[in-house]
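Undergrad: Shown below is the structure under consideration.
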Amino acid sequence: MFKLNTQRTYKYPVAVNIFDGDKEQSGKFTAVFKVMKNSTIQEAAAAGDKNLLDMVLVDVEGIQVDGEDGKPLAGEALLGALKDDPSVAIALAAAYNESLVKKNRPRT
């Protein structure tokens with residue numbers, strides 16, 4: 001029998017390109033995503049009260065963001081800074097969507 005865990009999380013790589021002046025930076029890090037019910041995502045989208053990343057992003061590894069004091073951010077402060085940066089937020093959302101497609105693609 002197949003047992004479905006509806007409270008699962010998983011790690012997935014995120015590739016991001018950021019323009020800083022005339023320079024382009026490329027990097028990779030790992031995001032930990034929570035699997036959300038389709039109905040939950042649809043209800044939140046209809047109400048306009050939640051961002052997808054607020055619902056699915058649990059943690060990250062392999063990326064550092066320094067705060068105003070020069071010290072690395074951690075926990076919710078780190079996640080908030082990543083979700084607040086347009087380039088990183090787009091990369092995170094793309095990685096989440098890609099992960100759902102790839103993980104459910106039939107293997108040949």
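Residue numbering restarts at 1 for every chain of the structure tokens, chains are lettered A, B, ... in their displayed order, and ligands are numbered from 1 as they appear.
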Quick one: everything within 6 Å of range 4-18 of chain A, counting only C-alpha atoms, minus sequence neighbours fewer than 6 positions away in the same chain. Send it as a ChimeraX atom specification.
TA: /A:24-35,91,95
Undergrad: Would you put the residues from that selection into a file with N, CA, C and O atoms, as a CSV table (one decimal), in the first residue's frame?
TA:
chain,number,residue,atom,x,y,z
A,24,GLU,N,27.2,40.7,-13.4
A,24,GLU,CA,26.2,39.6,-13.2
A,24,GLU,C,26.8,38.6,-12.3
A,24,GLU,O,27.9,38.1,-12.5
A,25,GLN,N,26.1,38.3,-11.2
A,25,GLN,CA,26.5,37.2,-10.3
A,25,GLN,C,25.6,36.0,-10.5
A,25,GLN,O,24.3,36.2,-10.5
A,26,SER,N,26.2,34.9,-10.5
A,26,SER,CA,25.4,33.6,-10.6
A,26,SER,C,25.7,32.8,-9.4
A,26,SER,O,26.9,32.7,-8.9
A,27,GLY,N,24.7,32.1,-8.8
A,27,GLY,CA,25.0,31.3,-7.7
A,27,GLY,C,23.9,30.2,-7.5
A,27,GLY,O,22.9,30.3,-8.2
A,28,LYS,N,24.2,29.3,-6.6
A,28,LYS,CA,23.2,28.2,-6.3
A,28,LYS,C,23.2,28.1,-4.8
A,28,LYS,O,24.1,28.2,-4.1
A,29,PHE,N,22.0,27.7,-4.4
A,29,PHE,CA,21.8,27.3,-3.0
A,29,PHE,C,20.7,26.3,-2.9
A,29,PHE,O,20.1,26.0,-3.9
A,30,THR,N,20.4,25.8,-1.8
A,30,THR,CA,19.3,24.8,-1.6
A,30,THR,C,18.2,25.4,-0.8
A,30,THR,O,18.4,26.0,0.3
A,31,ALA,N,17.0,25.2,-1.3
A,31,ALA,CA,15.8,25.6,-0.5
A,31,ALA,C,15.1,24.3,0.0
A,31,ALA,O,15.1,23.3,-0.6
A,32,VAL,N,14.4,24.5,1.2
A,32,VAL,CA,13.6,23.4,1.7
A,32,VAL,C,12.2,23.9,1.6
A,32,VAL,O,11.8,25.0,2.1
A,33,PHE,N,11.4,23.2,0.8
A,33,PHE,CA,10.0,23.5,0.5
A,33,PHE,C,9.1,22.6,1.2
A,33,PHE,O,9.3,21.4,1.4
A,34,LYS,N,7.9,23.1,1.6
A,34,LYS,CA,6.8,22.3,2.2
A,34,LYS,C,5.8,22.1,1.1
A,34,LYS,O,5.5,23.0,0.3
A,35,VAL,N,5.3,20.9,1.0
A,35,VAL,CA,4.3,20.6,0.0
A,35,VAL,C,2.9,21.1,0.6
A,35,VAL,O,2.6,20.8,1.7
A,91,ALA,N,13.6,33.3,-8.5
A,91,ALA,CA,14.3,32.1,-8.6
A,91,ALA,C,13.7,31.0,-7.7
A,91,ALA,O,13.6,29.8,-8.1
A,95,ALA,N,12.0,27.6,-8.9
A,95,ALA,CA,12.5,26.3,-8.4
A,95,ALA,C,11.4,25.4,-7.8
A,95,ALA,O,11.3,24.2,-8.0
Undergrad: Return as a PyMOL selection string the full set of residues in range 37-80 of chain A whose backbone-based DSSP assignment is alpha helix (DSSP H).
TA: chain A and resi 38-47+52-56+75-80
Undergrad: Rank nothing, just name the residue among A:Glu68, A:Glu98, A:Glu61, A:Asp54 nearest to Asp84 in chain A, using only C-alpha atoms.
TA: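 Of the candidates, the smallest distance to Asp84 in chain A is held by A:Asp54.
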Undergrad: Rounded to one decimal, what separation in Å do you get between CA of Gly80 in chain A and CA of Asp22 in chain A?
TA: 26.0 Å
Undergrad: Enter the distance from CA of Met55 in chain A to CA of Gly67 in chain A, in Å, rounded to one decimal.
TA: 23.5 Å
Undergrad: Write out as a PDB file with N, CA and C atoms, in the first residue's frame each polymer residue whose atoms come within 10 Å of Leu79 in chain A, counting only C-alpha atoms; drop sequence neighbours fewer than 2 positions from it.
TA:
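Below you can see part_13.pdb, which holds the result:
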ATOM      1  N   LEU A  53       5.560  31.903  -1.679  1.00  0.00           N
ATOM      2  CA  LEU A  53       6.775  31.617  -0.916  1.00  0.00           C
ATOM      3  C   LEU A  53       6.538  31.671   0.586  1.00  0.00           C
ATOM      4  N   ASP A  54       5.610  32.515   1.032  1.00  0.00           N
ATOM      5  CA  ASP A  54       5.288  32.550   2.461  1.00  0.00           C
ATOM      6  C   ASP A  54       4.719  31.219   2.924  1.00  0.00           C
ATOM      7  N   LEU A  57       8.119  28.078   1.523  1.00  0.00           N
ATOM      8  CA  LEU A  57       9.540  28.144   1.851  1.00  0.00           C
ATOM      9  C   LEU A  57       9.746  27.932   3.343  1.00  0.00           C
ATOM     10  N   VAL A  58      10.463  26.856   3.685  1.00  0.00           N
ATOM     11  CA  VAL A  58      10.681  26.490   5.084  1.00  0.00           C
ATOM     12  C   VAL A  58      12.064  26.891   5.565  1.00  0.00           C
ATOM     13  N   ASP A  59      13.093  26.696   4.707  1.00  0.00           N
ATOM     14  CA  ASP A  59      14.469  26.948   5.108  1.00  0.00           C
ATOM     15  C   ASP A  59      15.334  27.048   3.863  1.00  0.00           C
ATOM     16  N   VAL A  60      16.564  27.505   4.024  1.00  0.00           N
ATOM     17  CA  VAL A  60      17.543  27.546   2.941  1.00  0.00           C
ATOM     18  C   VAL A  60      18.898  27.122   3.485  1.00  0.00           C
ATOM     19  N   VAL A  65      23.179  36.111   3.688  1.00  0.00           N
ATOM     20  CA  VAL A  65      22.748  37.494   3.524  1.00  0.00           C
ATOM     21  C   VAL A  65      23.128  38.211   4.812  1.00  0.00           C
ATOM     22  N   LEU A  73      22.290  37.022   8.495  1.00  0.00           N
ATOM     23  CA  LEU A  73      20.917  36.817   8.948  1.00  0.00           C
ATOM     24  C   LEU A  73      20.651  35.329   9.104  1.00  0.00           C
ATOM     25  N   ALA A  74      19.685  34.990   9.941  1.00  0.00           N
ATOM     26  CA  ALA A  74      19.313  33.585  10.161  1.00  0.00           C
ATOM     27  C   ALA A  74      17.798  33.505  10.354  1.00  0.00           C
ATOM     28  N   GLY A  75      17.277  32.309  10.216  1.00  0.00           N
ATOM     29  CA  GLY A  75      15.866  32.053  10.483  1.00  0.00           C
ATOM     30  C   GLY A  75      14.928  32.876   9.616  1.00  0.00           C
ATOM     31  N   GLU A  76      13.883  33.404  10.247  1.00  0.00           N
ATOM     32  CA  GLU A  76      12.871  34.168   9.524  1.00  0.00           C
ATOM     33  C   GLU A  76      13.434  35.437   8.885  1.00  0.00           C
ATOM     34  N   ALA A  77      14.444  36.036   9.515  1.00  0.00           N
ATOM     35  CA  ALA A  77      15.054  37.241   8.944  1.00  0.00           C
ATOM     36  C   ALA A  77      15.726  36.912   7.611  1.00  0.00           C
ATOM     37  N   ALA A  81      14.501  38.264   3.913  1.00  0.00           N
ATOM     38  CA  ALA A  81      15.398  39.002   3.018  1.00  0.00           C
ATOM     39  C   ALA A  81      15.424  38.358   1.635  1.00  0.00           C
ATOM     40  N   LEU A  82      15.405  37.042   1.588  1.00  0.00           N
ATOM     41  CA  LEU A  82      15.422  36.346   0.295  1.00  0.00           C
ATOM     42  C   LEU A  82      14.109  36.557  -0.456  1.00  0.00           C
ATOM     43  N   LYS A  83      12.991  36.490   0.252  1.00  0.00           N
ATOM     44  CA  LYS A  83      11.684  36.693  -0.386  1.00  0.00           C
ATOM     45  C   LYS A  83      11.501  38.142  -0.820  1.00  0.00           C
ATOM     46  N   ASP A  84      12.216  39.061  -0.171  1.00  0.00           N
ATOM     47  CA  ASP A  84      12.091  40.478  -0.474  1.00  0.00           C
ATOM     48  C   ASP A  84      12.936  40.900  -1.682  1.00  0.00           C
ATOM     49  N   ALA A  89      13.514  35.945  -5.194  1.00  0.00           N
ATOM     50  CA  ALA A  89      12.129  35.491  -5.051  1.00  0.00           C
ATOM     51  C   ALA A  89      11.654  34.797  -6.330  1.00  0.00           C
TER      52      ALA A  89
END
Undergrad: Using DSSP on the backbone, list every residue of chain A that comes out as strand (DSSP E), and give them as a ChimeraX atom specification.
TA: /A:9-20,23-34,57-61
